[in-house]
>>> print(open('entry_1.txt').read())   # compact mmCIF, C-alpha atoms
# COMPACT_ATOMS: atom_id res chain seq x y z
CA PHE A 261 42.87 25.05 -77.22
CA SER A 262 39.24 24.70 -78.27
CA VAL A 263 39.91 21.19 -79.62
CA LEU A 264 41.49 20.12 -76.34
CA LEU A 265 38.68 21.70 -74.33
CA ILE A 266 35.98 19.96 -76.36
CA THR A 267 37.84 16.64 -76.11
CA HIS A 268 38.26 16.98 -72.35
CA VAL A 269 34.60 17.89 -71.87
CA ILE A 270 33.43 14.89 -73.93
CA ILE A 271 35.70 12.44 -72.11
CA GLY A 272 34.82 14.03 -68.78
CA GLY A 273 31.11 13.68 -69.59
CA PHE A 274 31.52 9.96 -70.18
CA CYS A 275 33.46 9.64 -66.93
CA VAL A 276 30.76 11.55 -65.03
CA TYR A 277 28.07 9.28 -66.46
CA THR A 278 30.09 6.17 -65.59
CA ALA A 279 30.78 7.36 -62.04
CA ILE A 280 27.13 8.27 -61.36
CA THR A 281 25.74 5.02 -62.75
CA ARG A 282 28.32 2.57 -61.40
CA LEU A 283 28.95 3.92 -57.91
CA ASP A 284 26.55 4.04 -54.99
CA TRP A 285 27.62 7.58 -54.15
CA GLN A 286 24.30 8.52 -52.50
CA GLN A 287 25.15 6.19 -49.60
CA TRP A 288 28.52 7.76 -48.81
CA CYS A 289 29.01 9.22 -45.36
CA CYS A 290 29.50 12.84 -46.45
CA ALA A 291 26.82 15.37 -47.35
CA PRO A 292 24.98 14.62 -50.63
CA LEU A 293 26.16 17.87 -52.20
CA LEU A 294 29.78 17.11 -51.32
CA ASN A 295 29.42 13.57 -52.64
CA PHE A 296 27.98 14.88 -55.90
CA PHE A 297 30.79 17.42 -56.23
CA PHE A 298 33.42 14.70 -55.70
CA VAL A 299 31.77 12.42 -58.27
CA VAL A 300 31.44 15.12 -60.93
CA VAL A 301 34.76 16.93 -60.47
CA VAL A 302 37.25 14.34 -59.17
CA LEU A 303 35.88 11.09 -60.57
CA GLY A 304 34.31 12.71 -63.64
CA PHE A 305 36.17 15.61 -65.23
CA MET A 306 39.45 14.69 -63.54
CA GLN A 307 38.84 11.10 -64.77
CA GLY A 308 39.43 9.54 -61.38
CA ILE A 309 36.83 6.89 -62.18
CA GLN A 310 39.35 5.28 -64.53
CA LEU A 311 41.72 4.65 -61.62
CA LYS A 312 38.83 3.26 -59.58
CA MET A 313 37.77 0.91 -62.38
CA ALA A 314 41.35 -0.21 -63.00
CA GLN A 315 41.79 -0.96 -59.30
CA ASP A 316 38.52 -2.90 -59.15
CA ASP A 317 39.52 -4.82 -62.27
CA TYR A 318 42.89 -5.74 -60.74
CA ARG A 319 41.30 -6.85 -57.47
CA GLY A 320 38.77 -8.95 -59.37
CA ARG A 321 41.55 -10.79 -61.20
CA THR A 322 43.81 -11.31 -58.19
CA GLY A 323 43.62 -14.90 -57.02
CA SER A 324 41.53 -16.02 -60.00
CA SER A 325 42.66 -18.40 -62.69
CA LEU A 326 43.85 -16.42 -65.68
CA MET A 327 44.41 -19.41 -67.93
CA SER A 328 40.72 -19.71 -68.78
CA GLU A 329 40.60 -16.01 -69.62
CA PHE A 330 43.85 -15.94 -71.56
CA LYS A 331 42.31 -16.30 -75.01
CA VAL A 332 39.54 -13.75 -74.46
CA PRO A 333 40.94 -10.27 -75.30
CA CYS A 334 38.57 -8.32 -73.06
CA LEU A 335 39.38 -10.56 -70.08
CA MET A 336 43.15 -10.69 -70.46
CA PRO A 337 45.16 -8.77 -67.86
CA ALA A 338 46.80 -5.59 -69.14
CA LYS A 339 50.46 -6.02 -70.00
CA PHE A 340 51.59 -2.80 -71.72
CA HIS A 341 48.72 -0.29 -71.33
CA SER A 342 45.88 -0.56 -68.82
CA LYS A 343 43.45 1.61 -70.85
CA ALA A 344 44.49 1.02 -74.45
CA MET A 345 41.49 2.37 -76.38
CA GLU A 346 41.04 5.40 -74.13
CA GLY A 347 44.76 6.14 -74.23
CA LEU A 348 44.88 5.91 -78.01
CA LEU A 349 41.84 8.16 -78.46
CA GLU A 350 43.22 10.82 -76.13
CA ALA A 351 46.70 10.60 -77.67
CA ILE A 352 45.30 11.44 -81.12
CA PHE A 353 43.81 14.76 -80.04
CA PHE A 354 46.59 15.83 -77.70
CA ALA A 355 49.34 14.98 -80.20
CA TYR A 356 47.41 16.72 -82.99
CA VAL A 357 47.02 19.98 -81.08
CA SER A 358 50.62 19.99 -79.78
CA LEU A 359 52.18 19.24 -83.15
CA TYR A 360 49.86 21.69 -84.94
CA ALA A 361 50.97 24.48 -82.61
CA LEU A 362 54.63 23.56 -83.18
CA LEU A 363 54.24 23.44 -86.96
CA LYS A 364 52.67 26.89 -87.26
CA ASP A 365 54.97 28.47 -84.69
CA GLY A 366 57.37 30.94 -86.33
CA TRP A 367 55.48 31.30 -89.62
CA CYS A 368 55.52 34.71 -91.29
CA ASP A 369 51.77 34.71 -91.76
CA MET A 370 50.36 36.14 -88.53
CA ARG A 371 47.14 34.20 -88.99
CA LEU A 372 49.09 31.00 -88.38
CA GLN A 373 50.78 32.21 -85.22
CA PRO A 374 49.73 30.85 -81.79
CA PRO A 375 46.82 32.83 -80.32
CA CYS A 376 48.95 34.01 -77.43
CA LEU A 377 52.22 35.44 -78.75
CA ALA A 378 53.33 36.38 -75.26
CA LEU A 379 53.15 32.72 -74.32
CA ALA A 380 55.07 31.69 -77.42
CA GLU A 381 57.91 34.06 -76.55
CA ARG A 382 58.55 32.25 -73.28
CA GLY A 383 61.29 29.66 -73.25
CA TRP A 384 59.20 26.77 -71.95
CA TYR A 385 56.50 27.05 -74.65
CA ARG A 386 58.07 24.86 -77.32
CA PRO A 387 59.66 22.26 -74.96
CA CYS A 388 56.31 21.70 -73.23
CA LEU A 389 54.49 21.21 -76.53
CA LEU A 390 57.21 18.89 -77.82
CA THR A 391 57.21 16.87 -74.59
CA GLY A 392 53.42 16.56 -74.68
CA ALA A 393 53.50 15.43 -78.31
CA LEU A 394 56.22 12.83 -77.66
CA CYS A 395 54.38 11.49 -74.60
CA SER A 396 51.18 11.22 -76.63
CA ILE A 397 52.99 9.33 -79.40
CA LEU A 398 54.56 6.97 -76.86
CA SER A 399 51.18 6.43 -75.20
CA ALA A 400 49.62 5.65 -78.58
CA GLY A 401 52.42 3.20 -79.36
CA LEU A 402 51.95 1.38 -76.04
CA ALA A 403 48.18 1.31 -76.55
CA LEU A 404 48.59 -0.22 -80.01
CA LEU A 405 51.10 -2.68 -78.58
CA GLU A 406 48.50 -3.75 -76.03
CA ILE A 407 45.76 -4.05 -78.68
CA ASP A 408 47.95 -6.16 -80.98
CA TYR A 409 49.02 -8.35 -78.08
CA ARG A 410 45.44 -9.08 -77.09
CA THR A 411 43.95 -9.62 -80.54
CA SER A 412 46.63 -11.66 -82.33
CA ASP A 413 48.04 -15.01 -81.20
CA CYS A 414 50.92 -14.65 -83.64
CA VAL A 415 51.89 -11.22 -82.30
CA GLN A 416 51.46 -12.50 -78.76
CA ARG A 417 53.93 -15.34 -79.30
CA LEU A 418 56.36 -13.00 -81.01
CA LEU A 419 56.28 -10.39 -78.25
CA GLU A 420 56.83 -12.99 -75.56
CA LYS A 421 60.11 -14.12 -77.10
CA SER A 422 62.31 -11.17 -76.15
CA PRO A 423 62.24 -7.55 -75.02
CA LEU A 424 63.82 -6.63 -78.37
CA ALA A 425 60.71 -7.86 -80.21
CA ARG A 426 58.55 -5.66 -77.99
CA ALA A 427 60.79 -2.65 -78.62
CA ARG A 428 60.65 -3.22 -82.39
CA HIS A 429 56.88 -3.51 -82.39
CA LEU A 430 56.55 -0.42 -80.19
CA ALA A 431 58.82 1.55 -82.53
CA PHE A 432 56.87 0.35 -85.57
CA ARG A 433 53.48 1.31 -84.14
CA SER A 434 54.71 4.64 -82.78
CA CYS A 435 56.25 5.56 -86.15
CA GLU A 436 53.08 4.52 -87.98
CA PHE A 437 50.95 6.67 -85.71
CA SER A 438 53.26 9.70 -85.87
CA MET A 439 53.71 9.58 -89.66
CA ARG A 440 49.98 9.32 -90.36
CA LEU A 441 49.23 12.09 -87.89
CA LEU A 442 51.94 14.33 -89.37
CA THR A 443 50.48 13.76 -92.84
CA LEU A 444 47.13 15.08 -91.65
CA LEU A 445 48.82 17.96 -89.84
CA VAL A 446 50.80 19.04 -92.89
CA LEU A 447 47.63 19.00 -94.97
CA CYS A 448 45.72 21.15 -92.48
CA THR A 449 48.65 23.51 -91.84
CA PHE A 450 49.60 24.23 -95.44
CA MET A 451 45.98 24.88 -96.43
CA ARG A 452 45.51 27.48 -93.70
CA HIS A 453 46.60 30.37 -95.94
CA MET A 454 44.31 29.33 -98.79
CA LYS A 455 40.84 30.67 -99.42
CA PHE A 456 39.20 27.26 -99.00
CA TRP A 457 41.27 26.21 -95.99
CA TRP A 458 38.26 24.46 -94.48
CA MET A 459 38.41 21.85 -97.26
CA SER A 460 41.19 20.06 -95.38
CA TYR A 461 38.78 19.32 -92.54
CA VAL A 462 36.17 18.24 -95.06
CA PHE A 463 38.69 15.69 -96.34
CA LEU A 464 39.22 14.46 -92.77
CA ALA A 465 35.46 14.19 -92.24
CA VAL A 466 35.07 12.18 -95.47
CA ASP A 467 37.92 9.90 -94.41
CA TYR A 468 36.27 9.40 -91.02
CA LEU A 469 32.85 8.64 -92.51
CA TYR A 470 34.40 6.23 -95.01
CA GLY A 471 36.09 4.34 -92.16
CA VAL A 472 32.86 4.15 -90.18
CA LEU A 473 31.02 2.92 -93.27
CA LEU A 474 33.59 0.17 -93.82
CA LEU A 475 33.29 -0.94 -90.20
CA VAL A 476 29.49 -1.07 -90.38
CA ILE A 477 29.32 -2.90 -93.71
CA VAL A 478 32.37 -5.17 -93.63
CA GLY A 479 32.83 -5.52 -89.89
CA GLY A 480 29.99 -8.01 -89.47
CA LYS A 481 27.12 -7.93 -87.02
CA ASP A 482 28.28 -5.91 -84.05
CA PRO A 483 25.92 -5.79 -81.04
CA VAL A 484 27.47 -2.43 -80.08
CA TRP A 485 27.21 -0.54 -83.37
CA GLU A 486 28.07 2.74 -81.68
CA ALA A 487 31.63 1.47 -81.29
CA SER A 488 32.14 2.06 -85.01
CA LEU A 489 31.78 5.80 -84.42
CA VAL A 490 34.76 5.71 -82.03
CA LEU A 491 36.82 3.25 -84.07
CA GLY A 492 36.37 5.50 -87.11
CA ILE A 493 38.38 8.21 -85.32
CA LEU A 494 41.20 5.75 -84.66
CA LEU A 495 41.22 4.52 -88.25
CA CYS A 496 41.98 8.05 -89.46
CA THR A 497 45.42 7.90 -87.85
CA VAL A 498 46.35 4.22 -87.48
CA ASP A 499 45.32 0.80 -88.75
CA ILE A 500 44.12 -0.79 -85.53
CA MET A 501 42.80 -3.81 -87.45
CA GLN A 502 46.18 -4.67 -88.95
CA PHE A 503 46.86 -7.73 -86.79
CA VAL A 504 43.28 -8.79 -86.04
>>> encode(input="entry_1.txt", output="structure tokens")
Amino acid sequence: FSVLLITHVIIGGFCVYTAITRLDWQQWCCAPLLNFFFVVVVLGFMQGIQLKMAQDDYRGRTGSSLMSEFKVPCLMPAKFHSKAMEGLLEAIFFAYVSLYALLKDGWCDMRLQPPCLALAERGWYRPCLLTGALCSILSAGLALLEIDYRTSDCVQRLLEKSPLARARHLAFRSCEFSMRLLTLLVLCTFMRHMKFWWMSYVFLAVDYLYGVLLLVIVGGKDPVWEASLVLGILLCTVDIMQFV
């Protein structure tokens, strides 16, 4: 729960900052306090600003010539996932927490049991976690499908041939994401009963730092170097550069 809460607060903070800086909310017709509440709660922590930005992006492209933008990944219209990077980042944390709770559910060691046993005894506990994990894996697969489609001409031509090619690529990326994530989960879960259980998270931190270091050194001159800090999280679970 704490991991999900921290993730939601971080993402909500970015959404609040985006909503405050990009919208002229001070000029709205309602009271300033009500406007501020709507911006912070609805557009910020409820991430409504993403819908607003997606709608503005769609309106900006409607009626314009897409052929000149077709080869520029950031300007291409979304085909499989409208917010690929955000969806992939969120899917990692939500799938991790859901699958971690499912893995340690039913263990004899009480330290590995869910914090709320009364909740675990209810019939909808496991189906909800499993549904959330499967939806997160599917969202990650669609996000990776969108990234590969935008960044690789070869993949783009392949995916445009038939729906079967899209289904195969989606299955491949979803399986890659789920298998890598399960590997990390098994490591963290089976080290929970050991004295140095925290070493599993040290391994994850080293893996993350190594990925960021590779992006900074080998990735070339990036005007937005902070992006490597986010991409390092994605590299821990999936090879997003595979078709670049």
>>> atom_distance(input="entry_1.txt", atom1="CA of Ser396 in chain A", atom2="CA of Leu349 in chain A")
10.0 Å
>>> residues_around(input="entry_1.txt", residues="range 425-438 of chain A", least_positions_apart="5", cutoff="9 Å", atoms="only C-alpha atoms", output="PDB file with C-alpha atoms, in the coordinates of the input")
ATOM      1  CA  ILE A 352      45.300  11.440 -81.120  1.00  0.00           C
ATOM      2  CA  ALA A 355      49.340  14.980 -80.200  1.00  0.00           C
ATOM      3  CA  ILE A 397      52.990   9.330 -79.400  1.00  0.00           C
ATOM      4  CA  LEU A 398      54.560   6.970 -76.860  1.00  0.00           C
ATOM      5  CA  SER A 399      51.180   6.430 -75.200  1.00  0.00           C
ATOM      6  CA  ALA A 400      49.620   5.650 -78.580  1.00  0.00           C
ATOM      7  CA  GLY A 401      52.420   3.200 -79.360  1.00  0.00           C
ATOM      8  CA  LEU A 402      51.950   1.380 -76.040  1.00  0.00           C
ATOM      9  CA  LEU A 404      48.590  -0.220 -80.010  1.00  0.00           C
ATOM     10  CA  LEU A 405      51.100  -2.680 -78.580  1.00  0.00           C
ATOM     11  CA  LEU A 418      56.360 -13.000 -81.010  1.00  0.00           C
ATOM     12  CA  LEU A 419      56.280 -10.390 -78.250  1.00  0.00           C
ATOM     13  CA  GLU A 420      56.830 -12.990 -75.560  1.00  0.00           C
ATOM     14  CA  THR A 443      50.480  13.760 -92.840  1.00  0.00           C
ATOM     15  CA  THR A 497      45.420   7.900 -87.850  1.00  0.00           C
ATOM     16  CA  VAL A 498      46.350   4.220 -87.480  1.00  0.00           C
ATOM     17  CA  ASP A 499      45.320   0.800 -88.750  1.00  0.00           C
TER      18      ASP A 499
END
>>> residues_around(input="entry_1.txt", residues="Leu390 in chain A", least_positions_apart="6", cutoff="9 Å", atoms="only C-alpha atoms", output="number ranges by chain")
A: 358-359, 362
>>> atom_distance(input="entry_1.txt", atom1="CA of Phe305 in chain A", atom2="CA of Ala361 in chain A")
24.5 Å
>>> closest_residue(input="entry_1.txt", among="A:Ser488, A:Trp457, A:Val415, A:Val466", to="Gln502 in chain A", atoms="all atoms listed in the file")
A:Val415
>>> residues_around(input="entry_1.txt", residues="range 446-452 of chain A", least_positions_apart="6", cutoff="8 Å", atoms="all atoms listed in the file", output="count of residues only")
7
>>> residues_around(input="entry_1.txt", residues="Thr267 in chain A", least_positions_apart="5", cutoff="9 Å", atoms="all atoms listed in the file", output="ChimeraX atom specification")
/A:262,272,350,353-354
>>> write_last_selection(input="entry_1.txt", atoms="C-alpha atoms", output="PDB file, keeping the file's coordinate frame")
ATOM      1  CA  SER A 262      39.240  24.700 -78.270  1.00  0.00           C
ATOM      2  CA  GLY A 272      34.820  14.030 -68.780  1.00  0.00           C
ATOM      3  CA  GLU A 350      43.220  10.820 -76.130  1.00  0.00           C
ATOM      4  CA  PHE A 353      43.810  14.760 -80.040  1.00  0.00           C
ATOM      5  CA  PHE A 354      46.590  15.830 -77.700  1.00  0.00           C
TER       6      PHE A 354
END
>>> closest_residue(input="entry_1.txt", among="A:Leu311, A:Ala393, A:Tyr277, A:Asp316", to="Ala351 in chain A", atoms="all atoms listed in the file")
A:Ala393
>>> closest_residue(input="entry_1.txt", among="A:Leu473, A:Leu495, A:Met501, A:Leu444", to="Asp408 in chain A", atoms="only C-alpha atoms")
A:Met501
>>> atom_distance(input="entry_1.txt", atom1="CA of Ile407 in chain A", atom2="CA of Gly479 in chain A")
17.2 Å
>>> closest_residue(input="entry_1.txt", among="A:Asp467, A:Gly347, A:His341, A:Gln310", to="Tyr409 in chain A", atoms="all atoms listed in the file")
A:His341
>>> axis_aligned_box(input="entry_1.txt", around="range 266-284 of chain A", padding_each_side="5 Å", output="lines of an AutoDock Vina configuration file")
center_x = 32.0
center_y = 11.3
center_z = -65.7
size_x = 22.5
size_y = 27.4
size_z = 31.4
>>> closest_residue(input="entry_1.txt", among="A:Leu489, A:Cys414, A:Leu464, A:Leu442", to="Val476 in chain A", atoms="only C-alpha atoms")
A:Leu489
>>> residues_around(input="entry_1.txt", residues="range 289-301 of chain A", least_positions_apart="4", cutoff="8 Å", atoms="all atoms listed in the file", output="list in words")
Val276, Ala279, Ile280, Trp285, Phe305 and Met306 of chain A
